[in-house]
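Everything on this sheet refers to the single structure shown next.
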Amino acid sequence: MFHTRGWKWSVVLLLAALLAAGLLARRDWKLGEDALHELVLAEPEPIEEEGLIFTNKVEREGETTYSVVCFHPDTLEETVISTFTFDSAEVSDRGYYFCGAGMTREAFSSDYSRMAVTKCYAGTTKRHAGWIDTAGNFFDVTKALGRKAEGHYGGPAEFYALGFAGCWFGYYQHIPDSAAYMDFYVPVDMVKRGAVQGSTFRFFTSPDGEDGNPVSETSGEAYAPWNVTVWLQDMRRTITGDPNAFPDDWDLVRSPDGTKMAYMSLPKPEGGSEPDLYITSTDGEPVKVTGYSFSLGENGFVLIDWR
């Protein structure tokens, strides 16, 4: 009898220990302030190629392919950095993907090994944010975080990819049965619920707006990022205390040393509809760049970075 009781108590203690370990494993890991600052101020991951970075999109037979190409303006060397292909046919029974960031720098991770996409489930409004690699494998950030709309707001989960900036991946949630959106940010190599940084911003679309633009409401500390870059720049300026640090350039890219800028510009009407490429120093005149083999513009390649 004594041995039987002892065996039972051993089993109970073992089960209690396993349960405690399981609860500890499920406890959210919290990103400390020092770790957050380190990630916010981190340098981009290096790539082997140096030069101007372009991307283009090709759609054919229900598939979309994005190519990323590096062009060195001095040597005229061109290198394909990465290529991403995914199913974009909305009639597909398997569901389909789309890139909300479009042909912008934010569509790609800092080393161009990942591309932000949203997975759309066939026959439903269910959407998951994540990214694909160059082999076409989808990493489901929504699933990994377990941040589902069911049981919280009700209705199918609607999470959309915003894109990348530095070490961060951004996504936003559409609150079902409303015109409200909320955005969130998580480290690419630390996709854990405790590492998610949620903005205090809620974005509301208003069909009654006078100029047709969205209107917003905020709670708590007010700032209004609608993409990852804006959020990251805001965080960097807050940490450094320098409002002029990390300047935004919406229509041009800066050289790695910050002394030059490159941009695309449409020529005069009589010159045609394809943009030209220019490089200018901070105190110099623009110089037209030639020697690249691809076309530029909406149906060609778009300048997104300078590494």
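Identifiers for the structure tokens are assigned positionally: chains receive A, B, ... in sequence, residues are indexed from 1 per chain, and ligands are indexed from 1 in the order shown.
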Check your understanding: Do you know which residues are at most 10 Å from A:Tyr171 counting only C-alpha atoms, after dropping those on the same chain fewer than 3 positions away, and could you put them as a PyMOL selection string?
Key -> chain A and resi 100+116-118+128-130+141-142+159-164+182-186+198+226-228
Check your understanding: Where does DSSP see alpha helix (DSSP H) in stretch 19-214 of chain A, if you list the residues as number ranges by chain?
Key -> A: 19-26, 33-40, 141-145
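Closest approach to A:Ala157 among A:Thr125, A:Asn137, A:Ser92, A:Ser178 is made by A:Thr125 (distances from only C-alpha atoms).
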Exercise for review: Find the residues near A:Ile279: any atom within 8 Å, counting only C-alpha atoms, skip ones fewer than 2 places away on the same chain, and give them as a PyMOL selection string.
Suggested key: chain A and resi 260-263+277+281+286-289
Exercise for review: Pick out each residue of stretch 75-216 of chain A that DSSP on the backbone tags as strand (DSSP E or B); I need them as a ChimeraX atom specification.
Suggested key: /A:78-87,96-98,108,114-120,127-133,138-140,158-165,168-174,180-187,197-204,215-216
Selection to disk with C-alpha atoms, as a JSON list (two decimals), in the first residue's frame:
[["chain", "number", "residue", "atom", "x", "y", "z"],
["A", 78, "GLU", "CA", 24.17, 44.19, -63.67],
["A", 79, "THR", "CA", 23.39, 41.42, -61.18],
["A", 80, "VAL", "CA", 20.13, 39.65, -60.39],
["A", 81, "ILE", "CA", 19.89, 39.62, -56.59],
["A", 82, "SER", "CA", 16.66, 37.67, -56.13],
["A", 83, "THR", "CA", 13.46, 36.55, -57.82],
["A", 84, "PHE", "CA", 10.07, 35.84, -56.21],
["A", 85, "THR", "CA", 7.21, 33.99, -57.90],
["A", 86, "PHE", "CA", 3.80, 33.37, -56.34],
["A", 87, "ASP", "CA", 0.26, 32.37, -57.31],
["A", 96, "TYR", "CA", -3.63, 33.33, -53.78],
["A", 97, "TYR", "CA", -1.10, 35.96, -52.71],
["A", 98, "PHE", "CA", -0.54, 39.63, -53.38],
["A", 108, "PHE", "CA", 11.66, 43.27, -49.50],
["A", 114, "ARG", "CA", 12.21, 37.72, -48.38],
["A", 115, "MET", "CA", 9.24, 39.47, -49.93],
["A", 116, "ALA", "CA", 6.18, 40.64, -48.00],
["A", 117, "VAL", "CA", 2.90, 39.14, -49.21],
["A", 118, "THR", "CA", -0.63, 38.61, -48.00],
["A", 119, "LYS", "CA", -2.18, 35.15, -48.28],
["A", 120, "CYS", "CA", -5.83, 35.20, -49.34],
["A", 127, "ARG", "CA", -6.21, 37.02, -44.87],
["A", 128, "HIS", "CA", -2.82, 36.23, -43.33],
["A", 129, "ALA", "CA", 0.26, 38.46, -43.41],
["A", 130, "GLY", "CA", 3.71, 37.03, -44.00],
["A", 131, "TRP", "CA", 6.50, 36.67, -46.53],
["A", 132, "ILE", "CA", 7.82, 34.30, -49.17],
["A", 133, "ASP", "CA", 11.43, 33.35, -49.86],
["A", 138, "PHE", "CA", 5.38, 31.17, -47.38],
["A", 139, "PHE", "CA", 6.09, 32.06, -43.75],
["A", 140, "ASP", "CA", 2.76, 32.81, -42.07],
["A", 158, "GLU", "CA", -7.96, 39.81, -41.72],
["A", 159, "PHE", "CA", -4.25, 40.60, -41.48],
["A", 160, "TYR", "CA", -2.37, 42.28, -44.35],
["A", 161, "ALA", "CA", 1.38, 42.67, -44.95],
["A", 162, "LEU", "CA", 2.76, 46.21, -44.89],
["A", 163, "GLY", "CA", 6.37, 45.26, -45.65],
["A", 164, "PHE", "CA", 9.87, 45.49, -44.21],
["A", 165, "ALA", "CA", 12.09, 48.23, -42.79],
["A", 168, "TRP", "CA", 11.18, 44.86, -38.81],
["A", 169, "PHE", "CA", 8.16, 43.38, -40.55],
["A", 170, "GLY", "CA", 4.94, 45.35, -40.46],
["A", 171, "TYR", "CA", 1.36, 44.21, -40.90],
["A", 172, "TYR", "CA", -2.07, 45.61, -40.20],
["A", 173, "GLN", "CA", -5.36, 44.19, -39.07],
["A", 174, "HIS", "CA", -8.73, 45.05, -40.48],
["A", 180, "ALA", "CA", -10.97, 50.54, -38.91],
["A", 181, "TYR", "CA", -7.41, 49.28, -39.27],
["A", 182, "MET", "CA", -4.60, 48.81, -36.73],
["A", 183, "ASP", "CA", -0.91, 48.34, -37.55],
["A", 184, "PHE", "CA", 1.74, 46.20, -35.82],
["A", 185, "TYR", "CA", 5.49, 45.53, -36.13],
["A", 186, "VAL", "CA", 7.58, 42.50, -35.22],
["A", 187, "PRO", "CA", 11.31, 41.69, -35.62],
["A", 197, "GLN", "CA", 5.16, 46.45, -31.18],
["A", 198, "GLY", "CA", 1.63, 47.75, -31.70],
["A", 199, "SER", "CA", 1.04, 51.33, -32.66],
["A", 200, "THR", "CA", -1.65, 53.22, -30.79],
["A", 201, "PHE", "CA", -2.99, 54.26, -34.14],
["A", 202, "ARG", "CA", -6.33, 53.34, -35.62],
["A", 203, "PHE", "CA", -6.98, 54.20, -39.22],
["A", 204, "PHE", "CA", -10.52, 54.86, -40.39],
["A", 215, "VAL", "CA", -9.34, 60.18, -41.76],
["A", 216, "SER", "CA", -7.82, 58.89, -38.55]]
As an mmCIF file with N, CA and C atoms, in the first residue's frame, please: the residues near A:Asp93 (cut-off 12 Å, only C-alpha atoms, same-chain neighbours under 3 positions excluded).
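Contents of the output file out19.cif:
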data_model
loop_
_atom_site.group_PDB
_atom_site.id
_atom_site.type_symbol
_atom_site.label_atom_id
_atom_site.label_comp_id
_atom_site.auth_asym_id
_atom_site.auth_seq_id
_atom_site.Cartn_x
_atom_site.Cartn_y
_atom_site.Cartn_z
ATOM 1 N N ASP A 87 1.561 32.522 -56.683
ATOM 2 C CA ASP A 87 0.258 32.368 -57.309
ATOM 3 C C ASP A 87 -0.592 33.591 -56.987
ATOM 4 N N SER A 88 -1.005 34.305 -58.010
ATOM 5 C CA SER A 88 -1.804 35.514 -57.802
ATOM 6 C C SER A 88 -3.172 35.432 -58.473
ATOM 7 N N ALA A 89 -3.580 34.222 -58.854
ATOM 8 C CA ALA A 89 -4.877 34.048 -59.521
ATOM 9 C C ALA A 89 -5.992 34.039 -58.481
ATOM 10 N N GLU A 90 -6.864 35.021 -58.528
ATOM 11 C CA GLU A 90 -7.926 35.128 -57.532
ATOM 12 C C GLU A 90 -8.939 33.993 -57.641
ATOM 13 N N TYR A 96 -4.622 32.598 -52.987
ATOM 14 C CA TYR A 96 -3.626 33.327 -53.776
ATOM 15 C C TYR A 96 -2.923 34.350 -52.891
ATOM 16 N N CYS A 120 -4.382 35.078 -49.286
ATOM 17 C CA CYS A 120 -5.827 35.199 -49.340
ATOM 18 C C CYS A 120 -6.440 33.808 -49.472
ATOM 19 N N TYR A 121 -7.358 33.477 -48.594
ATOM 20 C CA TYR A 121 -7.998 32.169 -48.608
ATOM 21 C C TYR A 121 -9.225 32.203 -49.515
ATOM 22 N N ALA A 122 -9.337 31.187 -50.369
ATOM 23 C CA ALA A 122 -10.405 31.148 -51.357
ATOM 24 C C ALA A 122 -11.766 31.087 -50.685
ATOM 25 N N GLY A 123 -12.717 31.857 -51.234
ATOM 26 C CA GLY A 123 -14.091 31.794 -50.771
ATOM 27 C C GLY A 123 -14.358 32.452 -49.438
ATOM 28 N N THR A 124 -13.432 33.245 -48.911
ATOM 29 C CA THR A 124 -13.616 33.894 -47.619
ATOM 30 C C THR A 124 -12.804 35.175 -47.583
#
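Across the structure, atom CA of A:Tyr278 and atom CA of A:Ser265 are spaced 7.5 Å apart.
Compared by their closest atoms to A:Ser255, and using only C-alpha atoms, the residues A:Ala101, A:Leu52, A:Val91, A:Val58 rank with A:Leu52 nearest.
Atom pair atom CA of A:Thr55 / atom CA of A:Ala107 has a distance of 10.0 Å (rounded to one decimal).
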